[in-house]
>>> print(open('target_16.csv').read())   # CSV, C-alpha atoms and all ligand atoms
chain,number,residue,atom,x,y,z
A,225,MET,CA,-90.5,-164.9,-100.1
A,226,ALA,CA,-91.1,-164.2,-96.4
A,227,SER,CA,-88.0,-163.7,-94.3
A,228,PRO,CA,-87.3,-166.3,-91.5
A,229,GLN,CA,-87.8,-163.5,-89.0
A,230,TRP,CA,-91.2,-162.5,-90.4
A,231,ASN,CA,-92.2,-166.1,-90.5
A,232,HIS,CA,-91.2,-166.6,-86.8
A,233,TYR,CA,-93.4,-163.7,-85.7
A,234,ALA,CA,-96.3,-164.7,-88.0
A,235,MET,CA,-96.2,-168.2,-86.6
A,236,GLN,CA,-96.5,-166.8,-83.1
A,237,GLU,CA,-99.5,-164.6,-84.1
A,238,LEU,CA,-101.2,-167.6,-85.9
A,239,GLU,CA,-100.7,-169.8,-82.8
A,240,GLY,CA,-102.7,-167.2,-80.9
A,241,VAL,CA,-105.5,-167.4,-83.5
A,242,LEU,CA,-105.3,-171.2,-83.5
A,243,ARG,CA,-105.9,-171.3,-79.7
A,244,ASP,CA,-108.7,-168.7,-79.9
A,245,ARG,CA,-110.8,-169.9,-82.7
A,246,GLY,CA,-108.8,-172.3,-85.0
A,247,LEU,CA,-107.2,-171.7,-88.4
A,248,GLN,CA,-108.7,-172.3,-91.8
A,249,CYS,CA,-106.6,-174.6,-94.0
A,250,PRO,CA,-105.9,-172.7,-97.3
A,251,HIS,CA,-105.9,-176.1,-99.1
A,252,CYS,CA,-109.1,-177.8,-98.1
A,253,GLY,CA,-110.9,-175.0,-96.1
A,254,VAL,CA,-111.3,-177.0,-92.9
A,255,VAL,CA,-111.3,-174.8,-89.7
A,256,SER,CA,-109.5,-176.6,-86.9
A,257,GLN,CA,-107.8,-175.9,-83.6
A,258,ASP,CA,-105.8,-179.1,-84.1
A,259,MET,CA,-103.3,-177.9,-86.8
A,260,PHE,CA,-99.9,-179.4,-86.0
A,261,LYS,CA,-96.8,-177.3,-86.2
A,262,THR,CA,-94.0,-178.7,-88.3
A,263,ASP,CA,-90.8,-179.8,-86.5
A,264,ASP,CA,-88.9,-176.7,-87.8
A,265,ASN,CA,-91.7,-174.4,-86.6
A,266,SER,CA,-92.1,-172.8,-90.0
A,267,ALA,CA,-95.5,-174.1,-91.1
A,268,PHE,CA,-98.7,-175.8,-90.0
A,269,GLN,CA,-100.0,-179.2,-91.1
A,270,CYS,CA,-103.8,-179.6,-91.6
A,271,PRO,CA,-105.4,-182.6,-89.8
A,272,GLY,CA,-108.1,-182.7,-92.5
A,273,CYS,CA,-106.1,-182.9,-95.8
A,274,GLY,CA,-102.6,-183.5,-94.4
A,275,GLN,CA,-101.1,-180.7,-96.4
A,276,ARG,CA,-98.8,-178.0,-95.0
A,277,PHE,CA,-99.2,-174.2,-95.2
A,278,SER,CA,-96.9,-171.4,-94.2
A,279,PRO,CA,-98.1,-168.2,-92.6
A,280,ALA,CA,-97.7,-166.4,-95.9
A,281,GLU,CA,-99.9,-168.9,-97.7
A,282,PHE,CA,-102.5,-168.6,-94.9
A,283,PHE,CA,-102.6,-164.8,-95.2
A,284,GLU,CA,-102.8,-164.9,-99.0
A,285,ALA,CA,-105.8,-167.3,-98.8
A,286,GLN,CA,-107.5,-164.9,-96.3
A,287,ARG,CA,-107.5,-162.2,-99.0
A,288,ARG,CA,-110.3,-163.8,-101.0
A,289,PRO,CA,-113.7,-165.1,-99.9
A,290,PRO,CA,-114.7,-168.7,-100.6
A,291,LYS,CA,-116.1,-169.4,-104.1
A,292,THR,CA,-119.6,-170.3,-102.9
A,293,GLY,CA,-122.2,-169.0,-100.5
A,294,LEU,CA,-122.9,-165.4,-99.5
A,295,SER,CA,-120.8,-162.7,-97.8
A,296,THR,CA,-122.4,-160.1,-95.5
A,297,LEU,CA,-121.1,-156.7,-96.4
A,298,TYR,CA,-121.6,-153.2,-95.0
A,299,ARG,CA,-121.5,-149.7,-96.6
A,300,PRO,CA,-121.6,-146.4,-94.9
A,301,VAL,CA,-123.8,-143.9,-96.9
A,302,GLY,CA,-125.0,-140.4,-96.7
A,303,SER,CA,-128.6,-139.2,-97.1
A,304,ALA,CA,-128.3,-138.5,-100.8
A,305,GLU,CA,-127.1,-142.1,-101.5
A,306,LEU,CA,-129.7,-143.5,-99.2
A,307,ASP,CA,-132.4,-141.7,-101.1
A,308,LEU,CA,-131.3,-143.3,-104.3
A,309,ILE,CA,-131.1,-146.8,-102.6
A,310,ARG,CA,-134.7,-146.3,-101.4
A,311,GLN,CA,-135.8,-145.3,-105.0
A,312,ALA,CA,-134.2,-148.6,-106.2
A,313,GLU,CA,-136.4,-150.3,-103.6
A,314,TYR,CA,-133.4,-151.3,-101.5
A,315,ALA,CA,-132.1,-153.6,-104.1
A,316,ALA,CA,-129.2,-151.7,-105.7
A,317,PHE,CA,-126.6,-149.1,-105.0
A,318,PRO,CA,-126.6,-146.0,-107.4
A,319,PRO,CA,-124.1,-145.7,-110.2
A,320,ARG,CA,-120.8,-143.9,-109.2
A,321,LEU,CA,-120.2,-140.3,-110.3
A,322,ASP,CA,-117.5,-139.4,-112.7
A,323,TRP,CA,-115.1,-138.5,-109.9
A,324,GLN,CA,-115.8,-141.8,-108.0
A,325,PRO,CA,-114.0,-144.6,-109.9
A,326,ILE,CA,-114.2,-147.1,-107.0
A,327,PHE,CA,-117.1,-148.5,-104.9
A,328,TYR,CA,-116.0,-149.5,-101.4
A,329,PRO,CA,-118.1,-152.0,-99.5
A,330,VAL,CA,-116.5,-153.1,-96.2
A,331,LEU,CA,-116.4,-156.4,-94.4
A,332,THR,CA,-117.3,-155.5,-90.8
A,333,GLN,CA,-120.0,-153.4,-89.2
A,334,ASP,CA,-117.3,-151.9,-86.8
A,335,TYR,CA,-115.5,-150.5,-89.7
A,336,ALA,CA,-118.7,-149.2,-91.4
A,337,ASP,CA,-119.8,-147.6,-88.1
A,338,PHE,CA,-116.4,-146.0,-87.7
A,339,ILE,CA,-116.7,-144.3,-91.1
A,340,ALA,CA,-120.3,-143.3,-90.7
A,341,ARG,CA,-119.6,-141.9,-87.2
A,342,GLU,CA,-116.2,-140.3,-87.6
A,343,TRP,CA,-116.5,-139.0,-91.1
A,344,ASN,CA,-120.0,-138.7,-92.5
A,345,SER,CA,-121.8,-137.6,-89.3
A,346,LYS,CA,-119.2,-134.9,-88.6
A,347,ASP,CA,-119.2,-133.6,-92.2
A,348,PRO,CA,-121.3,-130.5,-93.1
A,349,ASP,CA,-121.4,-131.9,-96.7
A,350,HIS,CA,-123.3,-134.9,-95.4
A,351,ASP,CA,-125.6,-132.7,-93.2
A,352,PHE,CA,-123.9,-134.3,-90.2
A,353,VAL,CA,-125.6,-137.7,-90.7
A,354,GLY,CA,-124.2,-141.1,-91.7
A,355,TYR,CA,-126.1,-144.4,-92.2
A,356,VAL,CA,-124.7,-147.9,-92.2
A,357,THR,CA,-126.2,-150.4,-94.7
A,358,ARG,CA,-125.9,-154.2,-94.5
A,359,PHE,CA,-126.5,-156.6,-97.4
A,360,GLN,CA,-125.5,-160.0,-98.8
A,361,VAL,CA,-123.5,-160.6,-102.0
A,362,ARG,CA,-122.8,-163.9,-103.8
A,363,ASN,CA,-119.2,-165.1,-103.2
A,364,GLU,CA,-119.1,-166.5,-106.7
A,365,PHE,CA,-118.9,-162.8,-107.8
A,366,LEU,CA,-116.8,-161.5,-104.9
A,367,CYS,CA,-114.1,-164.0,-105.2
A,368,ASN,CA,-112.9,-162.2,-108.3
A,369,TYR,CA,-111.7,-159.4,-106.0
A,370,GLU,CA,-109.0,-159.3,-103.4
A,371,ILE,CA,-109.9,-158.2,-99.9
A,372,GLN,CA,-108.0,-155.0,-99.2
A,373,VAL,CA,-106.6,-153.9,-95.9
A,374,ALA,CA,-107.0,-150.2,-95.1
A,375,ALA,CA,-105.4,-148.4,-92.2
A,376,ASP,CA,-105.2,-151.4,-89.9
A,377,ARG,CA,-105.9,-155.1,-90.1
A,378,THR,CA,-109.5,-154.8,-88.9
A,379,MET,CA,-110.4,-152.4,-91.7
A,380,LEU,CA,-111.2,-154.7,-94.6
A,381,GLU,CA,-112.9,-153.7,-97.8
A,382,TYR,CA,-113.3,-154.5,-101.4
A,383,TRP,CA,-112.4,-152.1,-104.2
A,384,ILE,CA,-115.0,-152.6,-106.9
A,385,PRO,CA,-114.3,-150.6,-110.1
A,386,ALA,CA,-117.3,-148.3,-111.0
A,387,GLU,CA,-117.8,-150.2,-114.2
A,388,ASP,CA,-118.4,-153.4,-112.3
A,389,LEU,CA,-121.1,-151.9,-110.0
A,390,GLY,CA,-124.0,-153.1,-112.2
A,391,GLU,CA,-122.8,-156.7,-111.9
A,392,PHE,CA,-122.2,-156.2,-108.1
A,393,ASN,CA,-125.8,-155.0,-107.8
A,394,ASP,CA,-127.0,-158.1,-109.7
A,395,ASN,CA,-125.2,-160.3,-107.1
A,396,ILE,CA,-126.9,-158.7,-104.1
A,397,VAL,CA,-129.3,-161.3,-102.6
A,398,GLY,CA,-132.2,-159.9,-100.6
A,399,VAL,CA,-132.6,-156.2,-99.6
A,400,ILE,CA,-130.2,-153.6,-98.4
A,401,GLN,CA,-131.0,-152.9,-94.8
A,402,VAL,CA,-130.2,-149.7,-92.8
A,403,VAL,CA,-128.7,-151.0,-89.5
A,404,ALA,CA,-127.4,-147.8,-87.9
A,405,GLU,CA,-127.7,-144.0,-88.1
A,406,PHE,CA,-125.2,-141.6,-86.7
A,407,ARG,CA,-125.7,-137.8,-86.1
A,408,ASN,CA,-123.0,-135.3,-85.0
A,409,GLY,CA,-120.6,-138.0,-84.1
A,410,ALA,CA,-123.0,-140.2,-82.0
A,411,LEU,CA,-125.3,-143.1,-82.6
A,412,ALA,CA,-128.8,-141.8,-83.2
A,413,LYS,CA,-130.6,-145.2,-83.7
A,414,PRO,CA,-129.4,-148.5,-82.3
A,415,THR,CA,-127.7,-150.9,-84.5
A,416,GLY,CA,-129.6,-154.1,-85.3
B,501,ZN,ZN,-106.5,-179.0,-95.2
>>> encode(input="target_16.csv", output="structure tokens", more="lines below")
Ligand SMILES: [Zn+2]
Amino acid sequence: MASPQWNHYAMQELEGVLRDRGLQCPHCGVVSQDMFKTDDNSAFQCPGCGQRFSPAEFFEAQRRPPKTGLSTLYRPVGSAELDLIRQAEYAAFPPRLDWQPIFYPVLTQDYADFIAREWNSKDPDHDFVGYVTRFQVRNEFLCNYEIQVAADRTMLEYWIPAEDLGEFNDNIVGVIQVVAEFRNGALAKPTG
């Protein structure tokens, strides 16, 4: 149970998001800038379904994608992995190696660019090159996994166990595109 103090600060933060772009109701999914605050300032009430939600309920709902539609995901890869993706005609990611129990697709290109630029393209083991791939995955599959928050709140990723990667690949819709290339810590080809 969230403490009253946590709830107070979380309400302030969510009021900012509400003004900026609206909040999504965790009950009915409506996105609105017209969520009412309850009289005791501890929750919002949705104008769509009339139900209330606390900041804790809001954040919990944000941890999973909706059950339908597609999510756009990104994955930073090195040249070895990109070669295998090319061999698979840009339709699947290669199986994990024994020492790689988890597959980590990420939710934003900013985060993928960061990894490709700051880690892969500065790493001799990666020949100082990092690529960013973009692809779409069915939410029907993704909603079985919680969205994980890495170092900060903008660094969102899924942790897909290696044994689920085949099923993950089956749920990729369309092709895996390469949208950026970094060399020696800098962008070598524009993002697109
Ligand atoms: Zn609602």
>>> closest_residue(input="target_16.csv", among="A:Leu389, A:Val254, A:Leu297, A:Leu247", to="ligand ZN 501 (chain B)", atoms="only C-alpha atoms and all ligand atoms")
A:Val254
>>> closest_residue(input="target_16.csv", among="A:Asp258, A:Glu237, A:Arg276, A:Ala267", to="ligand ZN 501 (chain B)", atoms="all atoms listed in the file")
A:Arg276
>>> closest_residue(input="target_16.csv", among="A:Asn393, A:Ser295, A:Asn368, A:Thr378", to="Phe327 in chain A", atoms="all atoms listed in the file")
A:Asn393
>>> residues_near_ligand(input="target_16.csv", ligand="ligand ZN 501 (chain B)", cutoff="9 Å", atoms="only C-alpha atoms and all ligand atoms", output="PyMOL selection string")
chain A and resi 248-255+269-277
>>> write_last_selection(input="target_16.csv", atoms="C-alpha atoms", output="PDB file, in the coordinates of the input")
ATOM      1  CA  GLN A 248    -108.700-172.300 -91.800  1.00  0.00           C
ATOM      2  CA  CYS A 249    -106.600-174.600 -94.000  1.00  0.00           C
ATOM      3  CA  PRO A 250    -105.900-172.700 -97.300  1.00  0.00           C
ATOM      4  CA  HIS A 251    -105.900-176.100 -99.100  1.00  0.00           C
ATOM      5  CA  CYS A 252    -109.100-177.800 -98.100  1.00  0.00           C
ATOM      6  CA  GLY A 253    -110.900-175.000 -96.100  1.00  0.00           C
ATOM      7  CA  VAL A 254    -111.300-177.000 -92.900  1.00  0.00           C
ATOM      8  CA  VAL A 255    -111.300-174.800 -89.700  1.00  0.00           C
ATOM      9  CA  GLN A 269    -100.000-179.200 -91.100  1.00  0.00           C
ATOM     10  CA  CYS A 270    -103.800-179.600 -91.600  1.00  0.00           C
ATOM     11  CA  PRO A 271    -105.400-182.600 -89.800  1.00  0.00           C
ATOM     12  CA  GLY A 272    -108.100-182.700 -92.500  1.00  0.00           C
ATOM     13  CA  CYS A 273    -106.100-182.900 -95.800  1.00  0.00           C
ATOM     14  CA  GLY A 274    -102.600-183.500 -94.400  1.00  0.00           C
ATOM     15  CA  GLN A 275    -101.100-180.700 -96.400  1.00  0.00           C
ATOM     16  CA  ARG A 276     -98.800-178.000 -95.000  1.00  0.00           C
ATOM     17  CA  PHE A 277     -99.200-174.200 -95.200  1.00  0.00           C
TER      18      PHE A 277
END
>>> closest_residue(input="target_16.csv", among="A:Met235, A:Ala404, A:Ala316, A:Ala410", to="Gly302 in chain A", atoms="only C-alpha atoms")
A:Ala404
>>> closest_residue(input="target_16.csv", among="A:Ser303, A:Ser256, A:Thr296, A:Gln360", to="Asn344 in chain A", atoms="all atoms listed in the file")
A:Ser303
>>> closest_residue(input="target_16.csv", among="A:Ile309, A:Val402, A:Ala315, A:Ala374", to="Tyr355 in chain A", atoms="all atoms listed in the file")
A:Val402
>>> atom_distance(input="target_16.csv", atom1="CA of Pro385 in chain A", atom2="CA of Glu370 in chain A")
12.2 Å
>>> atom_distance(input="target_16.csv", atom1="CA of Ile400 in chain A", atom2="CA of Ala285 in chain A")
28.0 Å
>>> atom_distance(input="target_16.csv", atom1="CA of Ile326 in chain A", atom2="CA of Gln372 in chain A")
12.7 Å
>>> residues_near_point(input="target_16.csv", point="(-122.6, -155.2, -106.8)", cutoff="9 Å", atoms="all atoms listed in the file", output="MDAnalysis selection string")
chainID A and resid 316:317 327 361 365:366 384 388:396
